[in-house]
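K.L.:
Got a structure for you, query_25.tsv, holding TSV, C-alpha atoms and all ligand atoms.
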chain	number	residue	atom	x	y	z
A	193	MET	CA	-1.87	27.41	36.25
A	194	SER	CA	1.73	26.84	35.15
A	195	ALA	CA	2.42	25.38	31.71
A	196	PRO	CA	3.04	21.62	31.78
A	197	GLU	CA	6.71	20.74	31.66
A	198	VAL	CA	8.17	19.64	28.36
A	199	THR	CA	10.43	16.59	28.23
A	200	ARG	CA	13.33	17.38	25.92
A	201	SER	CA	15.36	14.67	24.24
A	202	ARG	CA	17.56	13.98	21.22
A	203	THR	CA	17.43	11.34	18.54
A	204	THR	CA	18.97	10.85	15.13
A	205	VAL	CA	15.80	10.27	13.10
A	206	GLY	CA	12.34	11.48	14.16
A	207	ILE	CA	9.70	9.44	12.35
A	208	VAL	CA	6.18	10.84	12.11
A	209	GLY	CA	3.88	7.91	11.39
A	210	GLY	CA	3.93	4.44	12.96
A	211	GLY	CA	2.37	2.43	10.15
A	212	PRO	CA	4.39	-0.19	8.26
A	213	ALA	CA	6.64	2.40	6.54
A	214	GLY	CA	7.60	4.28	9.73
A	215	LEU	CA	8.07	1.12	11.79
A	216	MET	CA	10.07	-0.64	9.08
A	217	LEU	CA	12.39	2.35	8.79
A	218	SER	CA	12.84	2.48	12.57
A	219	HIS	CA	13.51	-1.27	12.60
A	220	LEU	CA	16.10	-1.07	9.78
A	221	LEU	CA	17.83	1.92	11.41
A	222	ASP	CA	18.01	0.06	14.73
A	223	ARG	CA	19.72	-2.85	13.00
A	224	SER	CA	22.33	-0.34	11.76
A	225	GLY	CA	22.76	1.05	15.27
A	226	ILE	CA	20.95	4.32	14.44
A	227	GLU	CA	18.46	5.73	16.96
A	228	SER	CA	14.96	6.86	16.06
A	229	VAL	CA	11.73	7.92	17.72
A	230	VAL	CA	8.39	7.02	16.11
A	231	LEU	CA	5.05	8.70	16.82
A	232	ASP	CA	1.54	8.20	15.54
A	233	LEU	CA	-1.80	9.87	16.21
A	234	ARG	CA	-3.56	6.49	16.07
A	235	THR	CA	-3.47	3.88	18.81
A	236	ARG	CA	-1.90	0.52	18.06
A	237	ASP	CA	-5.37	-1.00	18.24
A	238	GLN	CA	-6.76	1.40	15.62
A	239	ILE	CA	-3.98	0.61	13.16
A	240	GLU	CA	-4.33	-3.14	13.74
A	241	ASN	CA	-8.03	-3.03	12.98
A	242	THR	CA	-7.96	-1.06	9.73
A	243	HIS	CA	-8.12	-3.59	6.90
A	244	ARG	CA	-5.89	-2.80	3.95
A	245	ALA	CA	-4.61	-4.71	0.92
A	246	GLY	CA	-3.05	-8.11	1.27
A	247	ILE	CA	-0.46	-8.75	-1.43
A	248	LEU	CA	3.30	-8.54	-0.85
A	249	GLU	CA	5.74	-8.45	-3.75
A	250	ALA	CA	8.71	-10.83	-3.65
A	251	GLY	CA	11.02	-7.91	-2.76
A	252	SER	CA	8.82	-6.88	0.17
A	253	VAL	CA	8.92	-10.41	1.58
A	254	ASP	CA	12.71	-10.44	1.12
A	255	LEU	CA	12.93	-7.19	3.10
A	256	LEU	CA	10.89	-8.68	5.97
A	257	VAL	CA	12.89	-11.91	5.95
A	258	ASP	CA	16.34	-10.32	5.53
A	259	SER	CA	15.68	-7.90	8.40
A	260	GLY	CA	14.55	-10.65	10.77
A	261	VAL	CA	10.77	-10.08	10.77
A	262	GLY	CA	9.79	-12.75	8.24
A	263	ASP	CA	8.83	-15.67	10.48
A	264	ARG	CA	5.09	-15.19	10.27
A	265	VAL	CA	4.86	-14.25	6.60
A	266	HIS	CA	6.44	-17.59	5.74
A	267	ARG	CA	4.36	-19.52	8.27
A	268	ASP	CA	0.94	-17.85	7.90
A	269	GLY	CA	1.18	-16.15	4.49
A	270	HIS	CA	0.19	-17.88	1.27
A	271	ARG	CA	2.50	-17.96	-1.70
A	272	HIS	CA	0.65	-17.20	-4.94
A	273	GLU	CA	2.39	-18.17	-8.16
A	274	GLY	CA	-0.11	-16.41	-10.40
A	275	ILE	CA	-3.47	-14.68	-10.75
A	276	GLU	CA	-6.50	-15.25	-12.91
A	277	LEU	CA	-7.74	-12.61	-15.32
A	278	ARG	CA	-11.41	-13.21	-16.10
A	279	PHE	CA	-13.34	-11.64	-18.96
A	280	ASP	CA	-16.10	-12.61	-21.40
A	281	GLY	CA	-16.99	-15.47	-19.04
A	282	HIS	CA	-13.59	-17.19	-19.19
A	283	GLY	CA	-10.66	-17.34	-16.79
A	284	HIS	CA	-7.05	-16.98	-17.99
A	285	ARG	CA	-4.21	-17.78	-15.63
A	286	VAL	CA	-1.11	-15.59	-15.62
A	287	ASP	CA	1.62	-17.85	-14.27
A	288	PHE	CA	4.17	-15.59	-12.55
A	289	GLU	CA	6.61	-18.38	-11.73
A	290	ALA	CA	6.71	-19.65	-15.32
A	291	LEU	CA	6.95	-16.12	-16.78
A	292	VAL	CA	9.37	-14.33	-14.45
A	293	GLY	CA	10.39	-16.88	-11.79
A	294	GLU	CA	8.77	-14.87	-8.98
A	295	SER	CA	5.72	-15.17	-6.73
A	296	VAL	CA	3.76	-12.84	-4.49
A	297	TRP	CA	2.53	-13.52	-0.97
A	298	LEU	CA	-0.96	-13.06	0.37
A	299	TYR	CA	-0.27	-11.57	3.79
A	300	PRO	CA	-2.43	-8.68	5.04
A	301	GLN	CA	-0.93	-5.27	5.74
A	302	THR	CA	-2.27	-5.41	9.31
A	303	ASP	CA	-0.10	-8.49	9.92
A	304	VAL	CA	2.98	-6.71	8.54
A	305	PHE	CA	2.20	-3.91	10.99
A	306	ILE	CA	1.82	-6.35	13.92
A	307	ASP	CA	5.13	-8.06	13.10
A	308	LEU	CA	6.97	-4.73	12.96
A	309	ALA	CA	5.30	-3.27	16.07
A	310	ASP	CA	6.17	-6.46	18.01
A	311	ALA	CA	9.78	-6.31	16.77
A	312	ARG	CA	10.14	-2.67	17.82
A	313	GLU	CA	8.74	-3.50	21.25
A	314	ARG	CA	11.00	-6.56	21.60
A	315	ASP	CA	14.07	-4.53	20.59
A	316	GLY	CA	13.28	-1.65	22.97
A	317	GLY	CA	12.39	0.86	20.25
A	318	THR	CA	10.78	4.18	21.18
A	319	VAL	CA	7.33	4.20	19.60
A	320	HIS	CA	4.54	6.50	20.84
A	321	PHE	CA	1.06	5.56	19.64
A	322	GLY	CA	-2.03	7.66	20.39
A	323	ILE	CA	-0.18	11.00	20.54
A	324	THR	CA	-1.85	14.40	20.04
A	325	ASP	CA	-0.84	17.85	18.76
A	326	PRO	CA	2.25	16.92	16.75
A	327	THR	CA	4.35	19.76	15.33
A	328	VAL	CA	7.51	19.61	13.26
A	329	GLU	CA	9.81	22.62	13.01
A	330	GLY	CA	13.08	23.61	11.40
A	331	VAL	CA	13.29	20.95	8.69
A	332	THR	CA	15.75	23.08	6.71
A	333	THR	CA	18.01	23.54	9.76
A	334	ALA	CA	20.60	21.12	11.16
A	335	ALA	CA	18.42	20.45	14.21
A	336	PRO	CA	14.75	20.02	13.33
A	337	THR	CA	12.37	19.31	16.21
A	338	VAL	CA	9.36	17.07	16.58
A	339	SER	CA	6.96	17.94	19.42
A	340	PHE	CA	3.91	16.04	20.63
A	341	THR	CA	1.83	15.12	23.65
A	342	ASP	CA	2.03	11.41	24.49
A	343	ALA	CA	-0.92	9.19	25.41
A	344	GLU	CA	-0.33	9.97	29.13
A	345	GLY	CA	-0.54	13.74	28.51
A	346	GLN	CA	3.19	14.47	28.71
A	347	ARG	CA	4.51	17.01	26.21
A	348	HIS	CA	7.77	16.09	24.42
A	349	GLU	CA	10.21	18.00	22.25
A	350	VAL	CA	12.64	15.78	20.37
A	351	THR	CA	15.57	17.36	18.56
A	352	CYS	CA	16.61	15.31	15.53
A	353	ASP	CA	19.17	15.26	12.74
A	354	TYR	CA	16.55	14.11	10.25
A	355	VAL	CA	12.74	13.96	10.17
A	356	VAL	CA	10.78	11.41	8.16
A	357	GLY	CA	7.13	12.00	7.26
A	358	ALA	CA	5.62	8.52	6.98
A	359	ASP	CA	2.30	9.89	8.15
A	360	GLY	CA	-0.05	8.52	5.52
A	361	SER	CA	-2.28	10.01	2.85
A	362	ARG	CA	-3.48	12.80	5.16
A	363	SER	CA	0.14	13.69	5.88
A	364	MET	CA	0.94	16.73	7.97
A	365	CYS	CA	4.64	16.54	7.03
A	366	ARG	CA	3.91	16.84	3.31
A	367	HIS	CA	2.77	20.43	3.94
A	368	LEU	CA	6.18	21.38	5.34
A	369	VAL	CA	7.51	21.38	1.78
A	370	PRO	CA	6.86	24.98	0.61
A	371	ASP	CA	4.36	25.58	-2.19
A	372	ASP	CA	7.01	26.97	-4.52
A	373	VAL	CA	9.03	23.74	-4.19
A	374	ALA	CA	6.36	21.03	-4.05
A	375	VAL	CA	4.61	19.71	-7.13
A	376	HIS	CA	1.46	17.68	-6.43
A	377	HIS	CA	0.13	15.36	-9.15
A	378	PHE	CA	-3.41	14.19	-8.63
A	379	ARG	CA	-5.88	12.01	-10.50
A	380	GLU	CA	-9.34	10.98	-9.35
A	381	TYR	CA	-11.34	8.11	-10.88
A	382	PRO	CA	-15.07	7.93	-11.54
A	383	PHE	CA	-15.28	4.55	-9.78
A	384	ALA	CA	-14.54	3.07	-6.37
A	385	TRP	CA	-14.43	-0.38	-4.75
A	386	PHE	CA	-17.10	-1.85	-2.56
A	387	GLY	CA	-15.10	-4.12	-0.24
A	388	ILE	CA	-16.46	-6.94	1.87
A	389	MET	CA	-15.11	-9.43	4.38
A	390	ALA	CA	-17.11	-12.66	4.33
A	391	GLU	CA	-17.06	-15.77	6.51
A	392	ALA	CA	-16.94	-18.27	3.68
A	393	PRO	CA	-14.62	-20.87	2.18
A	394	MET	CA	-12.26	-19.80	-0.63
A	395	SER	CA	-13.81	-19.63	-4.08
A	396	ALA	CA	-10.49	-20.09	-5.88
A	397	PRO	CA	-6.88	-20.92	-4.93
A	398	GLU	CA	-5.54	-17.62	-6.32
A	399	LEU	CA	-6.82	-14.06	-6.79
A	400	ILE	CA	-9.29	-13.41	-9.60
A	401	TYR	CA	-9.39	-10.01	-11.32
A	402	ALA	CA	-12.65	-9.99	-13.29
A	403	HIS	CA	-13.73	-7.63	-16.07
A	404	SER	CA	-17.42	-7.76	-16.99
A	405	ALA	CA	-20.19	-5.66	-18.48
A	406	HIS	CA	-21.44	-5.34	-14.87
A	407	GLY	CA	-18.16	-3.85	-13.75
A	408	PHE	CA	-14.93	-5.06	-12.16
A	409	ALA	CA	-14.67	-7.56	-9.31
A	410	LEU	CA	-11.72	-8.92	-7.33
A	411	ILE	CA	-11.94	-12.21	-5.48
A	412	SER	CA	-9.26	-12.18	-2.81
A	413	GLN	CA	-8.76	-14.08	0.43
A	414	ARG	CA	-7.63	-13.79	4.00
A	415	THR	CA	-7.77	-17.30	5.51
A	416	GLU	CA	-9.41	-20.68	4.82
A	417	THR	CA	-12.61	-19.33	6.38
A	418	LEU	CA	-12.46	-15.56	5.78
A	419	GLN	CA	-12.57	-14.00	2.32
A	420	ARG	CA	-11.96	-10.47	1.00
A	421	MET	CA	-13.81	-9.42	-2.15
A	422	TYR	CA	-14.45	-6.18	-3.99
A	423	PHE	CA	-16.70	-4.99	-6.77
A	424	GLN	CA	-16.75	-1.74	-8.67
A	425	CYS	CA	-19.16	0.89	-7.39
A	426	ASP	CA	-19.88	4.59	-7.51
A	427	PRO	CA	-17.51	6.66	-5.32
A	428	TYR	CA	-20.54	8.02	-3.45
A	429	GLU	CA	-22.16	4.62	-2.84
A	430	ASP	CA	-23.63	4.12	0.63
A	431	PRO	CA	-22.48	0.71	2.00
A	432	SER	CA	-25.58	0.39	4.18
A	433	ALA	CA	-27.79	0.48	1.06
A	434	TRP	CA	-26.44	-2.94	0.06
A	435	SER	CA	-27.99	-6.06	1.59
A	436	ASP	CA	-25.88	-9.23	1.67
A	437	GLU	CA	-28.14	-10.71	-0.99
A	438	ARG	CA	-27.66	-7.78	-3.34
A	439	ILE	CA	-23.88	-7.92	-2.86
A	440	TRP	CA	-23.69	-11.64	-3.69
A	441	GLU	CA	-25.89	-11.11	-6.74
A	442	ARG	CA	-23.55	-8.41	-8.06
A	443	LEU	CA	-20.38	-10.39	-7.36
A	444	ALA	CA	-21.89	-13.43	-9.11
A	445	LEU	CA	-22.79	-11.33	-12.17
A	446	CYS	CA	-19.28	-9.88	-12.38
A	447	THR	CA	-17.60	-13.31	-12.21
A	448	GLU	CA	-20.08	-15.61	-13.99
A	449	GLY	CA	-19.04	-18.15	-16.65
A	450	ASP	CA	-16.76	-21.18	-17.02
A	451	GLY	CA	-18.50	-23.14	-14.23
A	452	PHE	CA	-17.09	-20.77	-11.60
A	453	THR	CA	-18.91	-20.88	-8.25
A	454	LEU	CA	-18.71	-18.09	-5.75
A	455	HIS	CA	-18.76	-19.45	-2.20
A	456	GLN	CA	-20.98	-17.28	-0.04
A	457	GLY	CA	-21.30	-16.70	3.70
A	458	PRO	CA	-22.17	-14.03	6.27
A	459	ILE	CA	-20.68	-10.62	5.40
A	460	THR	CA	-18.88	-9.08	8.38
A	461	GLU	CA	-17.66	-5.81	6.85
A	462	LYS	CA	-18.81	-3.45	4.09
A	463	VAL	CA	-16.69	-0.45	3.01
A	464	VAL	CA	-16.38	1.87	0.04
A	465	LEU	CA	-12.80	2.61	-1.00
A	466	ARG	CA	-12.25	5.71	-3.12
A	467	PHE	CA	-9.66	5.63	-5.86
A	468	ARG	CA	-6.99	8.21	-6.37
A	469	SER	CA	-3.52	8.54	-7.79
A	470	PHE	CA	-1.31	11.09	-6.08
A	471	VAL	CA	2.39	11.97	-6.11
A	472	ALA	CA	4.15	14.74	-4.17
A	473	GLU	CA	7.50	15.68	-5.68
A	474	PRO	CA	10.22	15.99	-4.49
A	475	MET	CA	10.20	13.48	-1.62
A	476	ARG	CA	12.90	15.40	0.26
A	477	HIS	CA	13.10	18.98	1.50
A	478	GLY	CA	16.19	19.85	3.55
A	479	ASN	CA	16.33	17.33	6.35
A	480	LEU	CA	12.74	16.18	5.83
A	481	PHE	CA	12.03	12.99	3.88
A	482	LEU	CA	8.58	11.78	2.85
A	483	ALA	CA	7.85	8.06	2.57
A	484	GLY	CA	4.87	5.86	1.66
A	485	ASP	CA	1.35	7.28	1.39
A	486	ALA	CA	2.57	10.68	2.65
A	487	ALA	CA	4.25	11.10	-0.74
A	488	HIS	CA	2.08	8.98	-3.01
A	489	THR	CA	-1.12	6.99	-3.20
A	490	VAL	CA	-2.13	4.53	-5.88
A	491	PRO	CA	-5.48	2.95	-6.70
A	492	PRO	CA	-5.66	-0.51	-5.08
A	493	THR	CA	-5.78	-2.50	-8.35
A	494	GLY	CA	-2.46	-4.36	-8.31
A	495	ALA	CA	-1.90	-3.82	-4.56
A	496	LYS	CA	1.14	-1.58	-4.93
A	497	GLY	CA	0.61	0.81	-1.96
A	498	LEU	CA	2.30	-1.09	0.87
A	499	ASN	CA	4.98	-2.46	-1.43
A	500	LEU	CA	5.93	1.04	-2.58
A	501	ALA	CA	6.06	2.27	1.02
A	502	LEU	CA	8.41	-0.56	1.99
A	503	MET	CA	10.67	0.11	-1.01
A	504	ASP	CA	10.79	3.85	-0.10
A	505	VAL	CA	12.07	3.10	3.37
A	506	LYS	CA	14.52	0.50	2.09
A	507	VAL	CA	16.16	3.20	-0.04
A	508	LEU	CA	15.81	5.81	2.70
A	509	HIS	CA	17.51	3.55	5.24
A	510	GLU	CA	20.35	2.95	2.85
A	511	VAL	CA	21.02	6.65	2.15
A	512	LEU	CA	20.56	7.68	5.80
A	513	GLU	CA	23.01	5.00	6.88
A	514	ARG	CA	25.59	6.23	4.39
A	515	ALA	CA	25.09	9.84	5.50
A	516	ILE	CA	25.16	9.08	9.22
A	517	ARG	CA	27.83	6.36	9.37
A	518	SER	CA	30.25	7.60	6.69
A	519	GLY	CA	29.40	11.31	6.65
A	520	GLU	CA	28.51	10.90	2.97
A	521	THR	CA	25.65	13.45	3.03
A	522	SER	CA	25.50	13.60	-0.78
A	523	ALA	CA	23.87	10.13	-0.53
A	524	LEU	CA	20.73	11.93	0.71
A	525	ASP	CA	20.32	13.57	-2.71
A	526	GLU	CA	19.71	10.12	-4.19
A	527	TYR	CA	16.60	9.41	-2.15
A	528	SER	CA	13.93	11.37	-4.01
A	529	PRO	CA	14.96	10.47	-7.59
A	530	ARG	CA	15.52	6.81	-6.76
A	531	ALA	CA	12.24	6.43	-4.88
A	532	LEU	CA	10.28	8.39	-7.51
A	533	GLU	CA	11.49	6.19	-10.35
A	534	ARG	CA	9.69	3.22	-8.79
A	535	VAL	CA	6.73	5.35	-7.68
A	536	TRP	CA	5.99	6.42	-11.25
A	537	LYS	CA	6.36	2.86	-12.56
A	538	ALA	CA	3.85	1.74	-9.94
A	539	GLN	CA	1.60	4.72	-10.70
A	540	HIS	CA	1.46	3.66	-14.30
A	541	PHE	CA	0.94	-0.02	-13.45
A	542	SER	CA	-1.95	0.73	-11.07
A	543	TYR	CA	-3.52	3.18	-13.53
A	544	TRP	CA	-3.15	0.68	-16.37
A	545	MET	CA	-4.69	-2.23	-14.47
A	546	SER	CA	-7.48	0.00	-13.14
A	547	THR	CA	-8.45	1.47	-16.50
A	548	MET	CA	-8.17	-1.89	-18.29
A	549	LEU	CA	-10.50	-3.66	-15.86
A	550	HIS	CA	-13.12	-1.11	-14.74
A	551	THR	CA	-16.05	-0.27	-16.94
A	552	MET	CA	-17.24	3.26	-17.56
A	553	SER	CA	-20.71	4.64	-17.94
A	554	GLY	CA	-21.65	7.21	-20.55
A	555	GLU	CA	-21.66	7.71	-24.26
A	556	TYR	CA	-18.70	5.52	-25.21
A	557	SER	CA	-19.14	2.83	-22.56
A	558	ALA	CA	-20.15	-0.03	-24.89
A	559	PHE	CA	-17.23	0.77	-27.19
A	560	ASP	CA	-14.81	0.93	-24.26
A	561	THR	CA	-16.03	-2.31	-22.69
A	562	ARG	CA	-15.47	-4.20	-25.96
A	563	ARG	CA	-12.15	-2.40	-26.50
A	564	GLN	CA	-11.03	-3.52	-23.03
A	565	VAL	CA	-11.88	-7.11	-23.96
A	566	GLY	CA	-9.71	-6.56	-27.04
A	567	GLU	CA	-6.86	-5.41	-24.83
A	568	LEU	CA	-7.29	-8.30	-22.37
A	569	THR	CA	-7.44	-10.83	-25.22
A	570	THR	CA	-4.24	-9.39	-26.67
A	571	LEU	CA	-2.58	-9.47	-23.26
A	572	VAL	CA	-3.35	-13.07	-22.31
A	573	GLY	CA	-2.69	-14.27	-25.88
A	574	SER	CA	0.84	-12.93	-25.88
A	575	GLU	CA	3.68	-14.23	-23.75
A	576	ALA	CA	5.23	-10.75	-23.86
A	577	GLY	CA	1.91	-9.32	-22.60
A	578	ARG	CA	1.61	-11.81	-19.76
A	579	ARG	CA	5.24	-11.23	-18.81
A	580	TYR	CA	4.70	-7.46	-18.71
A	581	LEU	CA	1.87	-8.00	-16.24
A	582	ALA	CA	3.86	-10.56	-14.23
A	583	GLU	CA	6.90	-8.25	-13.94
A	584	GLY	CA	4.80	-5.37	-12.68
A	585	TYR	CA	2.65	-7.42	-10.34
A	586	THR	CA	5.50	-9.28	-8.65
A	587	GLY	CA	7.57	-6.05	-8.49
A	588	TRP	CA	10.32	-4.92	-10.81
A	589	PRO	CA	13.88	-5.89	-9.99
A	590	ALA	CA	15.68	-3.40	-7.76
A	591	PRO	CA	17.46	-0.69	-9.81
A	592	ARG	CA	20.83	0.69	-8.78
A	593	GLY	CA	21.83	-1.39	-5.81
A	594	GLY	CA	18.69	-1.78	-3.80
A	595	ALA	CA	15.73	0.42	-4.78
B	601	LIG	C1	-6.72	-7.57	-0.95
B	601	LIG	O1	-6.64	-8.78	-0.71
B	601	LIG	O2	-7.21	-6.78	-0.13
B	601	LIG	C2	-6.25	-7.05	-2.26
B	601	LIG	C3	-5.59	-7.91	-3.13
B	601	LIG	C4	-5.17	-7.45	-4.37
B	601	LIG	C5	-5.40	-6.13	-4.73
B	601	LIG	C6	-6.04	-5.27	-3.85
B	601	LIG	C7	-6.46	-5.73	-2.62
B	601	LIG	O3	-5.02	-5.70	-5.96
Would it be possible to restate this file's structure as structure tokens?
P.N.:
Amino acid sequence: MSAPEVTRSRTTVGIVGGGPAGLMLSHLLDRSGIESVVLDLRTRDQIENTHRAGILEAGSVDLLVDSGVGDRVHRDGHRHEGIELRFDGHGHRVDFEALVGESVWLYPQTDVFIDLADARERDGGTVHFGITDPTVEGVTTAAPTVSFTDAEGQRHEVTCDYVVGADGSRSMCRHLVPDDVAVHHFREYPFAWFGIMAEAPMSAPELIYAHSAHGFALISQRTETLQRMYFQCDPYEDPSAWSDERIWERLALCTEGDGFTLHQGPITEKVVLRFRSFVAEPMRHGNLFLAGDAAHTVPPTGAKGLNLALMDVKVLHEVLERAIRSGETSALDEYSPRALERVWKAQHFSYWMSTMLHTMSGEYSAFDTRRQVGELTTLVGSEAGRRYLAEGYTGWPAPRGGA
């Protein structure tokens, strides 16, 4: 049997990964008249049905709106001007608008993905979902190639000027940076989140981050009738071992006090989300650029993951445009340091919120739980403390012209 024929083509930027980071980059490049090809192992349906976090920083919403994909976030998203921190049975509001003049938006990552995938389709973008056998070669040459088999079984080889690895936390592209160049920072946590989706009315108008002797809980939302909630669990917890009744009991214990009532309803999804902090440095090697989860993951406390990915590609688009349009290739050197500055700020913020709010078991646990209450009391009692939280949560202002 003869080998199947390979379709050869050329593009300027080959983007491995069609999640929000890859699609946003492709969308921004298109608006600058720069061609790209996007590919993803997952089908569009698979990506659309993987629930992820739901909070967009002000700068992420600006990016969607300014690039012409902000209609739905404004129509269907919910603007949140603050959060509640709950500990020792009392709620304390942190008012973002009053403290820093910014808000965040509750708008699920899957909806950001849908908006971008629709925009790419509408604008005639080349996006291949459901591909197999991707390979990337020659990232330190002037003509790297991206090869893959599309969903119809056709093999492609695309020659590019630049390759972007936006291929998520199990990134293949990350491993193209040689071991003697790459530095991988990694931190695992002794706790995880048990996440549920419940058909119930909202329990509160804003998100509640609750510290308690029974562990952390987060009361989030999706719509008027669908709620997202999490409580702290063991990383090896088996979701099927938890009945609905047991879940509601635990969530009630973690949030009790102050006349707060948790609105319950049928639970439609149960998942355990492991926690990890990870950074791969540098985020560029030759003509390969890493973006989003391919280069870094954060624990979900503070919802920084998607926001960081969007800020990566905002910077990446800017430097690629300068390199491609004006031949200013030195602009490419800016990408990794500029992106990493924000990545490490977000790493610290996510680590700080996680370790302040989750309780630990073991010898010092009672000490640590009371110490955390001391920290939380200091934080909410100080305008400087509340502002520090508000600045981090809503997203720091862009440094140096756009990051
Ligand atoms: C969510 O709604 O899924 C969510 C919100 C805030 C977080 C994490 C997850 O910090």
K.L.:
What residues of the protein or nucleic acid chains come within 6 Å of ligand LIG 601 (chain B) when you use only C-alpha atoms and all ligand atoms? Reply as a list in words.
P.N.:
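The distance check yields Arg244, Ala245, Gly246, Ile247, Ser412, Gln413, Arg420, Pro492, Thr493, Gly494 and Ala495 of chain A.
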K.L.:
Measuring atom to atom with all atoms listed in the file, identify which of A:Arg285, A:Arg267, A:Arg223, A:His367 is nearest to Ala486 (chain A).
P.N.:
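Going through A:Arg285, A:Arg267, A:Arg223, A:His367 one by one, the smallest distance to Ala486 (chain A) is for A:His367.
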K.L.:
Distance CA of Asp430 (chain A)-CA of Ala487 (chain A), one decimal place?
P.N.:
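A separation of 28.8 Å between them.
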K.L.:
Quick one, how far is CA of His406 (chain A) from CA of Gly457 (chain A)?
P.N.:
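If I compute the distance from CA of His406 (chain A) to CA of Gly457 (chain A), I get 21.8 Å.
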K.L.:
Neighbours of Ala501 (chain A) within 8 Å (all atoms listed in the file; same-chain residues fewer than 5 positions away dropped), as a PyMOL selection string?
P.N.:
chain A and resi 212-213+483-485
K.L.:
With all atoms listed in the file as the counted atoms, please give the residues lying no more than 12 Å from Gly262 (chain A), apart from itself and same-chain residues fewer than 4 positions off, as a list in words.
P.N.:
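Final neighbour list, sorted by chain and number: Leu248, Ser252, Val253, Asp254, Leu255, Leu256, Val257, Asp258, His266, Arg267, Asp268, Gly269, Trp297, Tyr299, Asp303, Val304, Phe305, Ile306, Asp307, Leu308 and Ala311 of chain A.
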K.L.:
Please provide as a list in words all residues within 9 Å of Pro431 (chain A), with the sequence filter that same-chain residues fewer than 5 positions apart are discarded (counting all atoms listed in the file).
P.N.:
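Within the cut-off, the hits are Phe386, Lys462, Val463 and Val464 of chain A.
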K.L.:
Can you tell me, as a VMD selection string, what residues are no more than 10 Å from Asp525 (chain A) when counting all atoms listed in the file, ignoring any on the same chain fewer than 6 positions away?
P.N.:
chain A and resid 476 to 478 511
